[in-house]
>>> print(open('query09.pdb').read())   # PDB, C-alpha atoms, pLDDT in the B column
ATOM      1  CA  MET A   1      -7.926   6.367  48.783  1.00 57.00           C
ATOM      2  CA  SER A   2      -7.181   3.342  46.595  1.00 66.00           C
ATOM      3  CA  THR A   3      -5.570   3.526  43.165  1.00 65.00           C
ATOM      4  CA  ALA A   4      -8.760   2.332  41.487  1.00 67.00           C
ATOM      5  CA  ALA A   5     -10.747   5.085  43.177  1.00 68.00           C
ATOM      6  CA  LEU A   6      -8.175   7.657  42.097  1.00 62.00           C
ATOM      7  CA  LEU A   7      -8.310   6.444  38.500  1.00 63.00           C
ATOM      8  CA  LEU A   8     -12.099   6.491  38.445  1.00 67.00           C
ATOM      9  CA  ASP A   9     -12.291   9.976  39.948  1.00 66.00           C
ATOM     10  CA  PRO A  10     -12.846  12.481  37.103  1.00 64.00           C
ATOM     11  CA  ASN A  11     -10.682  15.054  38.872  1.00 63.00           C
ATOM     12  CA  THR A  12      -7.504  12.916  38.680  1.00 56.00           C
ATOM     13  CA  HIS A  13      -7.014  12.873  34.917  1.00 51.00           C
ATOM     14  CA  LEU A  14      -3.528  14.383  35.298  1.00 51.00           C
ATOM     15  CA  LEU A  15      -1.956  11.243  36.797  1.00 47.00           C
ATOM     16  CA  ALA A  16      -0.267  10.146  33.537  1.00 54.00           C
ATOM     17  CA  GLU A  17       0.362  13.580  32.058  1.00 58.00           C
ATOM     18  CA  GLY A  18       4.128  13.395  32.465  1.00 69.00           C
ATOM     19  CA  ILE A  19       4.469   9.988  30.796  1.00 75.00           C
ATOM     20  CA  LEU A  20       3.641  11.204  27.284  1.00 73.00           C
ATOM     21  CA  GLU A  21       5.916  14.211  27.617  1.00 78.00           C
ATOM     22  CA  TRP A  22       8.739  12.003  28.953  1.00 80.00           C
ATOM     23  CA  THR A  23       8.246   9.516  26.096  1.00 82.00           C
ATOM     24  CA  ASN A  24       8.336  12.265  23.466  1.00 80.00           C
ATOM     25  CA  THR A  25      11.480  13.761  25.017  1.00 84.00           C
ATOM     26  CA  LYS A  26      13.240  10.384  25.102  1.00 88.00           C
ATOM     27  CA  ALA A  27      12.191   9.607  21.516  1.00 84.00           C
ATOM     28  CA  THR A  28      13.583  12.946  20.329  1.00 84.00           C
ATOM     29  CA  GLU A  29      16.819  12.394  22.240  1.00 90.00           C
ATOM     30  CA  THR A  30      17.126   8.881  20.797  1.00 90.00           C
ATOM     31  CA  GLN A  31      16.521  10.174  17.286  1.00 87.00           C
ATOM     32  CA  ASP A  32      19.199  12.843  17.725  1.00 88.00           C
ATOM     33  CA  THR A  33      21.633  10.240  19.086  1.00 92.00           C
ATOM     34  CA  ILE A  34      20.998   7.901  16.161  1.00 91.00           C
ATOM     35  CA  ARG A  35      21.551  10.749  13.713  1.00 91.00           C
ATOM     36  CA  ILE A  36      24.851  11.709  15.368  1.00 93.00           C
ATOM     37  CA  LEU A  37      26.057   8.093  15.473  1.00 95.00           C
ATOM     38  CA  THR A  38      25.102   7.572  11.825  1.00 94.00           C
ATOM     39  CA  ALA A  39      26.944  10.687  10.666  1.00 94.00           C
ATOM     40  CA  THR A  40      30.001   9.777  12.747  1.00 96.00           C
ATOM     41  CA  GLY A  41      29.962   6.194  11.486  1.00 96.00           C
ATOM     42  CA  ALA A  42      29.626   7.353   7.894  1.00 96.00           C
ATOM     43  CA  CYS A  43      32.622   9.681   8.235  1.00 96.00           C
ATOM     44  CA  GLY A  44      34.586   6.915   9.939  1.00 97.00           C
ATOM     45  CA  GLY A  45      33.657   4.487   7.173  1.00 96.00           C
ATOM     46  CA  VAL A  46      34.884   6.878   4.495  1.00 96.00           C
ATOM     47  CA  ALA A  47      38.122   7.450   6.420  1.00 96.00           C
ATOM     48  CA  PHE A  48      38.598   3.697   6.925  1.00 97.00           C
ATOM     49  CA  THR A  49      38.029   3.073   3.219  1.00 96.00           C
ATOM     50  CA  ALA A  50      40.510   5.798   2.328  1.00 96.00           C
ATOM     51  CA  VAL A  51      43.215   4.296   4.534  1.00 96.00           C
ATOM     52  CA  LYS A  52      42.454   0.724   3.457  1.00 96.00           C
ATOM     53  CA  SER A  53      42.547   1.591  -0.260  1.00 95.00           C
ATOM     54  CA  ARG A  54      45.716   3.673   0.193  1.00 94.00           C
ATOM     55  CA  PHE A  55      43.841   6.859  -0.764  1.00 93.00           C
ATOM     56  CA  SER A  56      42.604   5.675  -4.161  1.00 94.00           C
ATOM     57  CA  MET A  57      39.918   7.996  -5.500  1.00 95.00           C
ATOM     58  CA  ALA A  58      37.365   5.434  -6.764  1.00 95.00           C
ATOM     59  CA  PRO A  59      36.816   3.606  -3.440  1.00 95.00           C
ATOM     60  CA  ILE A  60      36.756   6.900  -1.550  1.00 96.00           C
ATOM     61  CA  LEU A  61      34.136   8.372  -3.884  1.00 96.00           C
ATOM     62  CA  LEU A  62      32.025   5.220  -3.784  1.00 96.00           C
ATOM     63  CA  SER A  63      32.150   4.994   0.003  1.00 96.00           C
ATOM     64  CA  GLY A  64      31.341   8.716   0.180  1.00 96.00           C
ATOM     65  CA  LEU A  65      28.253   8.193  -1.980  1.00 97.00           C
ATOM     66  CA  VAL A  66      27.122   5.238   0.129  1.00 96.00           C
ATOM     67  CA  ALA A  67      27.747   7.166   3.353  1.00 96.00           C
ATOM     68  CA  GLY A  68      25.881  10.187   2.009  1.00 95.00           C
ATOM     69  CA  LEU A  69      22.921   8.030   1.004  1.00 94.00           C
ATOM     70  CA  LEU A  70      22.868   6.397   4.431  1.00 93.00           C
ATOM     71  CA  VAL A  71      22.971   9.747   6.239  1.00 93.00           C
ATOM     72  CA  TRP A  72      20.290  11.180   3.935  1.00 91.00           C
ATOM     73  CA  ILE A  73      17.986   8.208   4.603  1.00 90.00           C
ATOM     74  CA  VAL A  74      18.463   8.379   8.379  1.00 88.00           C
ATOM     75  CA  TRP A  75      17.955  12.145   8.558  1.00 87.00           C
ATOM     76  CA  ASN A  76      14.844  12.117   6.348  1.00 84.00           C
ATOM     77  CA  VAL A  77      12.912   9.191   7.820  1.00 78.00           C
ATOM     78  CA  THR A  78      10.480  11.443   9.684  1.00 73.00           C
ATOM     79  CA  GLU A  79       9.947  13.640   6.630  1.00 71.00           C
ATOM     80  CA  VAL A  80       9.049  10.611   4.516  1.00 65.00           C
ATOM     81  CA  LYS A  81       6.716   9.334   7.251  1.00 68.00           C
ATOM     82  CA  ASP A  82       4.985  12.706   7.477  1.00 70.00           C
ATOM     83  CA  LYS A  83       4.707  12.964   3.691  1.00 71.00           C
ATOM     84  CA  VAL A  84       3.200   9.481   3.381  1.00 67.00           C
ATOM     85  CA  GLY A  85       0.828  10.195   6.272  1.00 68.00           C
ATOM     86  CA  SER A  86      -0.381  13.430   4.700  1.00 71.00           C
ATOM     87  CA  GLU A  87      -0.916  11.688   1.350  1.00 69.00           C
ATOM     88  CA  LEU A  88      -2.927   8.936   2.998  1.00 64.00           C
ATOM     89  CA  ASP A  89      -5.015  11.501   4.865  1.00 68.00           C
ATOM     90  CA  SER A  90      -5.700  13.456   1.664  1.00 70.00           C
ATOM     91  CA  MET A  91      -7.101  10.378  -0.088  1.00 65.00           C
ATOM     92  CA  GLY A  92     -10.400  10.776   1.693  1.00 61.00           C
ATOM     93  CA  HIS A  93     -12.366   8.391   3.791  1.00 59.00           C
ATOM     94  CA  SER A  94     -13.780   5.048   2.814  1.00 57.00           C
ATOM     95  CA  ILE A  95     -17.500   4.675   2.534  1.00 60.00           C
ATOM     96  CA  VAL A  96     -18.815   1.627   4.344  1.00 59.00           C
ATOM     97  CA  VAL A  97     -21.821  -0.004   2.753  1.00 59.00           C
ATOM     98  CA  ASP A  98     -23.744  -2.773   4.496  1.00 63.00           C
ATOM     99  CA  ALA A  99     -24.279  -5.531   1.966  1.00 62.00           C
ATOM    100  CA  PRO A 100     -27.088  -8.005   2.535  1.00 63.00           C
ATOM    101  CA  GLU A 101     -26.058 -11.515   3.416  1.00 64.00           C
ATOM    102  CA  PRO A 102     -26.429 -14.020   0.582  1.00 59.00           C
ATOM    103  CA  ARG A 103     -29.337 -16.354   0.837  1.00 60.00           C
ATOM    104  CA  ALA A 104     -28.191 -19.750   2.073  1.00 57.00           C
ATOM    105  CA  ASP A 105     -30.677 -21.684  -0.050  1.00 58.00           C
ATOM    106  CA  LEU A 106     -29.170 -20.235  -3.231  1.00 59.00           C
ATOM    107  CA  LEU A 107     -25.699 -21.376  -2.190  1.00 58.00           C
ATOM    108  CA  GLY A 108     -26.847 -24.921  -1.433  1.00 61.00           C
ATOM    109  CA  ILE A 109     -26.236 -24.519   2.290  1.00 60.00           C
ATOM    110  CA  PRO A 110     -28.987 -25.473   4.682  1.00 60.00           C
ATOM    111  CA  ASN A 111     -30.526 -22.573   6.543  1.00 60.00           C
ATOM    112  CA  LEU A 112     -28.461 -21.933   9.674  1.00 59.00           C
ATOM    113  CA  PRO A 113     -29.544 -19.645  12.491  1.00 61.00           C
ATOM    114  CA  VAL A 114     -28.109 -16.150  12.393  1.00 60.00           C
ATOM    115  CA  PRO A 115     -25.550 -15.736  15.220  1.00 61.00           C
ATOM    116  CA  HIS A 116     -27.219 -12.668  16.693  1.00 61.00           C
ATOM    117  CA  ASP A 117     -30.608 -14.476  16.828  1.00 55.00           C
ATOM    118  CA  ILE A 118     -29.272 -17.286  19.041  1.00 54.00           C
TER     119      ILE A 118
END
>>> encode(input="query09.pdb", output="C-alpha cells")
Amino acid sequence: MSTAALLLDPNTHLLAEGILEWTNTKATETQDTIRILTATGACGGVAFTAVKSRFSMAPILLSGLVAGLLVWIVWNVTEVKDKVGSELDSMGHSIVVDAPEPRADLLGIPNLPVPHDI
C-alpha cells in the first residue's frame, strides 16, 4: 500500500502520534537545560566578578542582582506567556461586521466590475 493511500485511510490517523510527544519531550528537556545553564552561568559570573574586583562588596552585590534578574526572567518566561495568553483569551472575541462597499461613483472612480462577478 502506498504512503498516500495510508495517509488517506481513516484508520491510519496514528501515524504521526509520536512526533508531537517527542517534540514536547525535547522542548521540555531543552527548557530544563537552558535553565540549568543560565543558573550556572549566573553563579559563575558572580564568582568571576568577585575574583576580578578582589572581593569588593559593591561589584559583587551588583552582579548578584543582575544574575538574579537574569535567572528570574529565564525561569518565569513560560509563566508570563501563560499569563498573557489567559488575559488575551479573557478579553472576549471580536465581532465581525460586514460593511457595504462604498459606491464608486461617489468616490469619483469609474464603475469597475466586482471581482467575484468576473
>>> atom_distance(input="query09.pdb", atom1="atom CA of Trp22 of chain A", atom2="atom CA of Ile34 of chain A")
18.2 Å
>>> closest_residue(input="query09.pdb", among="A:Leu20, A:Ala27, A:Val46, A:Ala39", to="Gly64 of chain A", atoms="only C-alpha atoms")
A:Val46
>>> atom_distance(input="query09.pdb", atom1="atom CA of Gly68 of chain A", atom2="atom CA of Cys43 of chain A")
9.2 Å
>>> atom_distance(input="query09.pdb", atom1="atom CA of Val66 of chain A", atom2="atom CA of Arg35 of chain A")
15.7 Å
>>> closest_residue(input="query09.pdb", among="A:Ala47, A:Lys26, A:Asn76, A:Ser86", to="Ile60 of chain A", atoms="only C-alpha atoms")
A:Ala47
>>> closest_residue(input="query09.pdb", among="A:Asp32, A:Thr25, A:Val74, A:Ala67", to="Phe48 of chain A", atoms="only C-alpha atoms")
A:Ala67
